[in-house]
Amino acid sequence: MTSRFTDTAEAVLLPVLAIAGALLLFGLFVALAGFDPLEVWRLLFFGAFGDAFSLQNTLQRAAPLMLTALCVALPARAGLTIIGGEGALIVGALACAGLPYVWAVPEGVFGTTSLMLAAALGGAAWIALAGYLRQYRGVNETISSLLLAYVAVNVFKHLVEGPMRDPASLNKPSTFALKDGLLIGPIGGYDVHWGLVWGVVCCVLAAIWLGRTTHGFATRVVGGNVRAAGLVGLPAGRLVITACALGGAAAGLAGGIEIAAVHTAANASVIAGLGYTGILVSFAARHHPLAIIPVAIVLGGFGAAGSLLQRRLGLPDASVQVLLGFVFVLILSAEAARGRIRWDVLKRVSAPQPAPQKGAA
């Protein structure tokens with residue numbers, strides 16, 4: 001078997017087996033808690049893809065996951081492990097909600113685009129900072145991006161509950177709501193906003209950038225071996241920071257879409273862990289931008305089914321986080337098996353055995 005075939009087979013098979021294994025473990029978990037695992041699995045599927053309402057809910061949840069996953073995937077292709085996409089999302093949401101405070105944003109496509117641009121720039125600067133600290137100060141990017149996420153959360157709370165608070169938001173501190181002309185509407189009357197299209201387009205553009213451009217190829221060379229990249233004269237520092245900035249821009253855009261399409265104002269509901277789930281999506285997709293799209297839909301479906309489990313069985317909505325935890329652990333475990341599967345042995349085992357000849361001893 002060719003190396004390309006085995007690489008592709010492993011890239012598809014291992015994540016599928018990891019998700020299947022996570023479902024089995026989750027079934028065991030709910031069985032120990034006294035619930036019927038078959039009914040839980042049925043509701044998981046029905047809540048995610050069972051009817052038009054469930055499917056639309058799934059797609060709506062998948063949109064930000066695609067963008068936050070890019071925040072992990074693009075730096076990963078440059079050799080960095082960024083897990084602070086939650087911070088970039090929050091900064092993007094804050095930039096989107098805060099722009100009308102400093103500029104009278106005109107309603108319409110131009111105004112909405114300006115809000116999204118502000119969100120993307122905020123997220124880009126946030127993650128580019130982690131890339132800069134890694135490249136020029138030797139600070140571990142995993143730690144710095146995670147700590148930056150905590151900084152973003154506290155800055156967000158300070159501004160939303162303080163200087164930017166709408167006095168009318170009594171029990172739930174929020175910024176002033178965006179004007180109707182600045183909001184992102186649904187697609188063609190369906191209950192799915194245009195953020196889904198933004199997410200898919202960004203994944204496609206990221207795939208083109210990585211696979212079809214010289215700059216993207218150079219970024220992958222840096223991610224493969226930064227020392228070899230330096231020997232051939234590639235500007236490793238600039239490439240790393242660019243990859244971080246692009247990933248951060250995607251996560252910041254996710255925050256802007258959450259404001260303009262879902263919440264209409266910045267409040268605590270924005271801090272929902274979408275940036276952390278994006279880590280799982282990216283690893284399950286092996287940091288491939290196009291593979292992120294179906295993986296985000298599957299994991300978004302799990303999140304969409306959580307409320308159904310709560311209504312029908314009384315399981316806490318957060319129980320789905322246990323399932324996602326199993327998926328994350330098994331995805332990481334599956335990476336250890338990559339390159340060790342003996343496909344030639346599997347082929348011999350699955351091949352039909354010759355019938356024994358008559359009279360043979």
# chains A, B, ... in the order shown; residues from 1 in each chain; ligands from 1

$ residues_around --residues "His287 in chain A" --least-positions-apart "5" --cutoff "8 Å" --atoms "only C-alpha atoms" --output "list in words"
Leu70, Val72, Ala73, Leu74, Ala76, Arg77, Ser282 and Ile292 of chain A

$ write_last_selection --atoms "N, CA and C atoms" --output "short mmCIF file (atom, residue, chain, number, x, y, z; two decimals), in the first residue's frame"
data_model
loop_
_atom_site.label_atom_id
_atom_site.label_comp_id
_atom_site.auth_asym_id
_atom_site.auth_seq_id
_atom_site.Cartn_x
_atom_site.Cartn_y
_atom_site.Cartn_z
N LEU A 70 -9.71 27.13 13.68
CA LEU A 70 -8.64 27.69 12.85
C LEU A 70 -7.60 28.40 13.71
N VAL A 72 -6.38 27.33 16.33
CA VAL A 72 -5.43 26.31 16.75
C VAL A 72 -4.70 25.73 15.53
N ALA A 73 -5.45 25.53 14.45
CA ALA A 73 -4.90 24.82 13.29
C ALA A 73 -3.81 25.61 12.57
N LEU A 74 -4.03 26.88 12.34
CA LEU A 74 -3.05 27.65 11.56
C LEU A 74 -1.72 27.81 12.30
N ALA A 76 -0.64 25.78 14.48
CA ALA A 76 -0.09 24.42 14.56
C ALA A 76 0.69 24.07 13.30
N ARG A 77 0.24 24.54 12.16
CA ARG A 77 0.97 24.25 10.92
C ARG A 77 2.31 24.98 10.88
N SER A 282 -9.99 21.13 16.20
CA SER A 282 -8.77 21.20 15.40
C SER A 282 -7.95 19.92 15.51
N ILE A 292 -11.87 20.47 9.25
CA ILE A 292 -12.49 21.15 10.39
C ILE A 292 -14.00 21.29 10.18
#

$ closest_residue --among "A:Pro64, A:Pro186, A:Gly255, A:Gly273" --to "Cys202 in chain A" --atoms "only C-alpha atoms"
A:Pro64

$ closest_atom_pairs --of "range 153-244 of chain A" --to "range 108-113 of chain A" --cutoff "10 Å" --atoms "only C-alpha atoms" --output "JSON lines"
{"residue": "A:Leu178", "atom": "CA", "partner": "A:Thr112", "partner_atom": "CA", "distance": 9.9}
{"residue": "A:Lys179", "atom": "CA", "partner": "A:Gly108", "partner_atom": "CA", "distance": 9.9}
{"residue": "A:Asp180", "atom": "CA", "partner": "A:Gly108", "partner_atom": "CA", "distance": 9.1}
{"residue": "A:Gly181", "atom": "CA", "partner": "A:Gly108", "partner_atom": "CA", "distance": 5.4}
{"residue": "A:Leu182", "atom": "CA", "partner": "A:Thr112", "partner_atom": "CA", "distance": 5.0}
{"residue": "A:Leu183", "atom": "CA", "partner": "A:Thr112", "partner_atom": "CA", "distance": 6.8}
{"residue": "A:Ile184", "atom": "CA", "partner": "A:Thr112", "partner_atom": "CA", "distance": 7.5}

$ write_last_selection --atoms "N, CA, C and O atoms" --output "CSV table (one decimal), in the first residue's frame"
chain,number,residue,atom,x,y,z
A,178,LEU,N,-26.5,46.3,19.8
A,178,LEU,CA,-26.3,46.8,18.4
A,178,LEU,C,-27.6,47.2,17.8
A,178,LEU,O,-28.6,46.6,18.0
A,179,LYS,N,-27.5,48.2,16.9
A,179,LYS,CA,-28.7,48.5,16.2
A,179,LYS,C,-29.1,47.4,15.2
A,179,LYS,O,-28.3,46.6,14.8
A,180,ASP,N,-30.4,47.4,14.9
A,180,ASP,CA,-30.9,46.3,14.0
A,180,ASP,C,-30.2,46.2,12.7
A,180,ASP,O,-29.9,45.1,12.1
A,181,GLY,N,-29.8,47.4,12.1
A,181,GLY,CA,-29.1,47.4,10.8
A,181,GLY,C,-27.7,46.9,10.9
A,181,GLY,O,-27.1,46.8,9.8
A,182,LEU,N,-27.2,46.6,12.1
A,182,LEU,CA,-25.8,46.1,12.2
A,182,LEU,C,-25.8,44.6,12.4
A,182,LEU,O,-24.7,44.0,12.5
A,183,LEU,N,-26.9,44.0,12.6
A,183,LEU,CA,-27.0,42.6,13.0
A,183,LEU,C,-26.8,41.7,11.8
A,183,LEU,O,-27.1,42.1,10.7
A,184,ILE,N,-26.3,40.5,12.0
A,184,ILE,CA,-26.2,39.5,11.0
A,184,ILE,C,-27.5,38.6,11.0
A,184,ILE,O,-27.8,38.0,12.0

$ closest_residue --among "A:Met66, A:Ala206, A:Leu38, A:Leu28" --to "Ala251 in chain A" --atoms "only C-alpha atoms"
A:Met66

$ residues_around --residues "range 192-200 of chain A" --least-positions-apart "2" --cutoff "6 Å" --atoms "only C-alpha atoms" --output "tab-separated table (two decimals) with N, CA, C and O atoms, in the first residue's frame"
chain	number	residue	atom	x	y	z
A	56	GLN	N	-30.60	22.66	12.08
A	56	GLN	CA	-30.29	24.09	12.07
A	56	GLN	C	-29.59	24.51	13.35
A	56	GLN	O	-28.65	25.32	13.33
A	60	GLN	N	-25.81	26.09	13.50
A	60	GLN	CA	-25.58	27.38	14.15
A	60	GLN	C	-24.47	27.26	15.20
A	60	GLN	O	-23.65	28.16	15.36
A	63	ALA	N	-20.80	26.96	13.50
A	63	ALA	CA	-20.17	28.13	12.87
A	63	ALA	C	-19.01	28.69	13.69
A	63	ALA	O	-17.88	28.82	13.16
A	66	MET	N	-15.86	26.30	13.84
A	66	MET	CA	-14.96	26.29	12.67
A	66	MET	C	-13.90	27.38	12.82
A	66	MET	O	-12.72	27.16	12.53
A	67	LEU	N	-14.33	28.55	13.26
A	67	LEU	CA	-13.41	29.69	13.33
A	67	LEU	C	-12.44	29.55	14.50
A	67	LEU	O	-11.25	29.85	14.37
A	185	GLY	N	-28.17	38.55	9.92
A	185	GLY	CA	-29.45	37.86	9.87
A	185	GLY	C	-29.33	36.40	9.48
A	185	GLY	O	-28.24	35.89	9.21
A	186	PRO	N	-30.46	35.71	9.42
A	186	PRO	CA	-30.46	34.30	9.03
A	186	PRO	C	-30.32	34.13	7.52
A	186	PRO	O	-30.54	35.06	6.74
A	187	ILE	N	-29.97	32.91	7.13
A	187	ILE	CA	-29.79	32.59	5.71
A	187	ILE	C	-31.13	32.19	5.11
A	187	ILE	O	-31.70	31.16	5.50
A	190	TYR	N	-34.02	30.56	7.06
A	190	TYR	CA	-33.75	29.43	7.96
A	190	TYR	C	-33.19	29.97	9.28
A	190	TYR	O	-32.71	31.10	9.36
A	202	CYS	N	-13.89	30.87	5.50
A	202	CYS	CA	-12.59	31.02	6.15
A	202	CYS	C	-11.80	29.70	6.13
A	202	CYS	O	-10.58	29.70	5.92
A	203	CYS	N	-12.50	28.59	6.34
A	203	CYS	CA	-11.81	27.28	6.29
A	203	CYS	C	-11.28	27.02	4.88
A	203	CYS	O	-10.15	26.53	4.71

$ atom_distance --atom1 "CA of Ala243 in chain A" --atom2 "CA of Tyr276 in chain A"
18.8 Å

$ residues_around --residues "range 326-328 of chain A" --least-positions-apart "5" --cutoff "9 Å" --atoms "only C-alpha atoms" --output "compact mmCIF listing (two decimals) with N, CA and C atoms, in the first residue's frame"
# COMPACT_ATOMS: atom_id res chain seq x y z
N PRO A 15 -9.66 9.29 13.83
CA PRO A 15 -10.65 10.16 14.50
C PRO A 15 -12.04 9.53 14.58
N ALA A 18 -11.93 7.14 17.35
CA ALA A 18 -11.86 7.86 18.63
C ALA A 18 -13.24 8.36 19.05
N ILE A 19 -14.00 8.90 18.10
CA ILE A 19 -15.35 9.39 18.43
C ILE A 19 -16.26 8.23 18.78
N ALA A 20 -16.13 7.11 18.04
CA ALA A 20 -16.95 5.93 18.37
C ALA A 20 -16.60 5.41 19.76
N GLY A 21 -15.31 5.38 20.08
CA GLY A 21 -14.90 4.94 21.41
C GLY A 21 -15.41 5.87 22.50
N ALA A 22 -15.41 7.18 22.20
CA ALA A 22 -15.92 8.14 23.18
C ALA A 22 -17.41 7.94 23.43
N LEU A 23 -18.15 7.61 22.38
CA LEU A 23 -19.59 7.34 22.55
C LEU A 23 -19.81 6.11 23.42
N LEU A 25 -17.73 4.96 25.75
CA LEU A 25 -17.39 5.34 27.13
C LEU A 25 -18.49 6.19 27.76
N PHE A 26 -19.06 7.09 26.94
CA PHE A 26 -20.14 7.93 27.47
C PHE A 26 -21.36 7.06 27.78
N ILE A 279 -10.31 23.78 20.21
CA ILE A 279 -9.08 22.99 20.32
C ILE A 279 -9.36 21.54 19.95
N LEU A 280 -10.44 21.01 20.50
CA LEU A 280 -10.82 19.63 20.23
C LEU A 280 -11.13 19.44 18.74
N VAL A 281 -11.85 20.39 18.16
CA VAL A 281 -12.20 20.29 16.74
C VAL A 281 -10.93 20.25 15.89
N PHE A 283 -7.82 19.38 16.71
CA PHE A 283 -7.04 18.15 16.87
C PHE A 283 -7.73 16.98 16.19
N ALA A 284 -9.06 16.91 16.30
CA ALA A 284 -9.78 15.82 15.64
C ALA A 284 -9.64 15.91 14.13
N GLN A 321 -20.35 17.77 28.07
CA GLN A 321 -18.94 18.10 28.22
C GLN A 321 -18.13 16.85 28.60
N SER A 333 -4.97 10.09 22.28
CA SER A 333 -4.42 8.73 22.35
C SER A 333 -4.25 8.15 20.96

$ residues_around --residues "Gly92 in chain A" --least-positions-apart "4" --cutoff "8 Å" --atoms "only C-alpha atoms" --output "list of chain:residue names"
A:Ala88, A:Cys96, A:Ala118, A:Ala119, A:Ala120, A:Leu121, A:Gly122, A:Gly123, A:Ala251, A:Gly252, A:Leu253, A:Ala254, A:Gly255, A:Gly256

$ write_last_selection --atoms "all heavy atoms" --output "mmCIF file, in the first residue's frame"
data_model
loop_
_atom_site.group_PDB
_atom_site.id
_atom_site.type_symbol
_atom_site.label_atom_id
_atom_site.label_comp_id
_atom_site.auth_asym_id
_atom_site.auth_seq_id
_atom_site.Cartn_x
_atom_site.Cartn_y
_atom_site.Cartn_z
ATOM 1 N N ALA A 88 -9.034 35.142 22.261
ATOM 2 C CA ALA A 88 -9.205 35.893 21.013
ATOM 3 C C ALA A 88 -10.685 36.083 20.691
ATOM 4 O O ALA A 88 -11.094 37.148 20.213
ATOM 5 C CB ALA A 88 -8.508 35.157 19.872
ATOM 6 N N CYS A 96 -16.158 44.147 18.765
ATOM 7 C CA CYS A 96 -17.388 44.320 17.986
ATOM 8 C C CYS A 96 -18.407 45.153 18.770
ATOM 9 O O CYS A 96 -19.002 46.099 18.228
ATOM 10 C CB CYS A 96 -17.961 42.945 17.643
ATOM 11 S SG CYS A 96 -19.548 42.999 16.785
ATOM 12 N N ALA A 118 -13.186 44.875 12.944
ATOM 13 C CA ALA A 118 -12.664 45.222 14.269
ATOM 14 C C ALA A 118 -12.484 43.981 15.132
ATOM 15 O O ALA A 118 -11.476 43.831 15.838
ATOM 16 C CB ALA A 118 -13.615 46.212 14.955
ATOM 17 N N ALA A 119 -13.453 43.075 15.057
ATOM 18 C CA ALA A 119 -13.358 41.836 15.833
ATOM 19 C C ALA A 119 -12.166 41.003 15.377
ATOM 20 O O ALA A 119 -11.403 40.471 16.205
ATOM 21 C CB ALA A 119 -14.654 41.041 15.689
ATOM 22 N N ALA A 120 -11.991 40.894 14.056
ATOM 23 C CA ALA A 120 -10.880 40.090 13.538
ATOM 24 C C ALA A 120 -9.531 40.707 13.908
ATOM 25 O O ALA A 120 -8.589 39.993 14.282
ATOM 26 C CB ALA A 120 -11.012 39.957 12.024
ATOM 27 N N LEU A 121 -9.426 42.020 13.826
ATOM 28 C CA LEU A 121 -8.161 42.682 14.176
ATOM 29 C C LEU A 121 -7.844 42.510 15.662
ATOM 30 O O LEU A 121 -6.678 42.302 16.038
ATOM 31 C CB LEU A 121 -8.240 44.171 13.812
ATOM 32 C CG LEU A 121 -8.215 44.494 12.315
ATOM 33 C CD1 LEU A 121 -8.401 45.989 12.088
ATOM 34 C CD2 LEU A 121 -6.914 44.014 11.674
ATOM 35 N N GLY A 122 -8.881 42.601 16.499
ATOM 36 C CA GLY A 122 -8.655 42.391 17.931
ATOM 37 C C GLY A 122 -8.140 40.996 18.224
ATOM 38 O O GLY A 122 -7.165 40.815 18.963
ATOM 39 N N GLY A 123 -8.769 39.989 17.630
ATOM 40 C CA GLY A 123 -8.320 38.608 17.837
ATOM 41 C C GLY A 123 -6.939 38.373 17.256
ATOM 42 O O GLY A 123 -6.112 37.661 17.857
ATOM 43 N N ALA A 251 -10.625 33.499 15.211
ATOM 44 C CA ALA A 251 -11.318 33.402 16.503
ATOM 45 C C ALA A 251 -11.984 34.727 16.873
ATOM 46 O O ALA A 251 -13.093 34.757 17.420
ATOM 47 C CB ALA A 251 -10.333 32.984 17.595
ATOM 48 N N GLY A 252 -11.298 35.840 16.592
ATOM 49 C CA GLY A 252 -11.911 37.144 16.861
ATOM 50 C C GLY A 252 -13.171 37.346 16.038
ATOM 51 O O GLY A 252 -14.170 37.899 16.528
ATOM 52 N N LEU A 253 -13.134 36.888 14.794
ATOM 53 C CA LEU A 253 -14.323 36.968 13.946
ATOM 54 C C LEU A 253 -15.469 36.147 14.537
ATOM 55 O O LEU A 253 -16.642 36.563 14.474
ATOM 56 C CB LEU A 253 -13.980 36.469 12.545
ATOM 57 C CG LEU A 253 -15.085 36.517 11.494
ATOM 58 C CD1 LEU A 253 -15.561 37.949 11.286
ATOM 59 C CD2 LEU A 253 -14.586 35.930 10.171
ATOM 60 N N ALA A 254 -15.117 34.993 15.125
ATOM 61 C CA ALA A 254 -16.147 34.180 15.780
ATOM 62 C C ALA A 254 -16.817 34.972 16.904
ATOM 63 O O ALA A 254 -18.045 34.917 17.076
ATOM 64 C CB ALA A 254 -15.533 32.899 16.330
ATOM 65 N N GLY A 255 -16.010 35.717 17.663
ATOM 66 C CA GLY A 255 -16.587 36.536 18.729
ATOM 67 C C GLY A 255 -17.491 37.626 18.189
ATOM 68 O O GLY A 255 -18.567 37.900 18.743
ATOM 69 N N GLY A 256 -17.062 38.264 17.093
ATOM 70 C CA GLY A 256 -17.899 39.295 16.484
ATOM 71 C C GLY A 256 -19.217 38.735 15.973
ATOM 72 O O GLY A 256 -20.285 39.353 16.128
#

$ closest_residue --among "A:Val222, A:Cys244, A:Leu231, A:Leu44" --to "Leu299 in chain A" --atoms "only C-alpha atoms"
A:Leu44

$ closest_residue --among "A:Gly248, A:Gly303, A:Gly188, A:Pro163" --to "Thr277 in chain A" --atoms "only C-alpha atoms"
A:Gly303

$ select_by_dssp --residues "range 92-302 of chain A" --states "helix (DSSP H, G or I)" --output "PyMOL selection string"
chain A and resi 92-102+109-137+141-161+180-182+195-212+214-224+226-231+236-263+268-270+274-284+289-302

$ residues_around --residues "range 143-148 of chain A" --least-positions-apart "3" --cutoff "9 Å" --atoms "only C-alpha atoms" --output "MDAnalysis selection string"
chainID A and resid 82:88 126:127 129:131 133:134 139:140 151:153

$ atom_distance --atom1 "CA of Ile90 in chain A" --atom2 "CA of Leu117 in chain A"
14.5 Å

$ atom_distance --atom1 "CA of Gly300 in chain A" --atom2 "CA of Ala272 in chain A"
13.1 Å

$ closest_residue --among "A:Arg42, A:Met116, A:Leu246, A:Leu59" --to "Glu258 in chain A" --atoms "only C-alpha atoms"
A:Met116

$ closest_residue --among "A:Ala268, A:Leu330, A:Ala93, A:Ala285" --to "Leu17 in chain A" --atoms "only C-alpha atoms"
A:Leu330
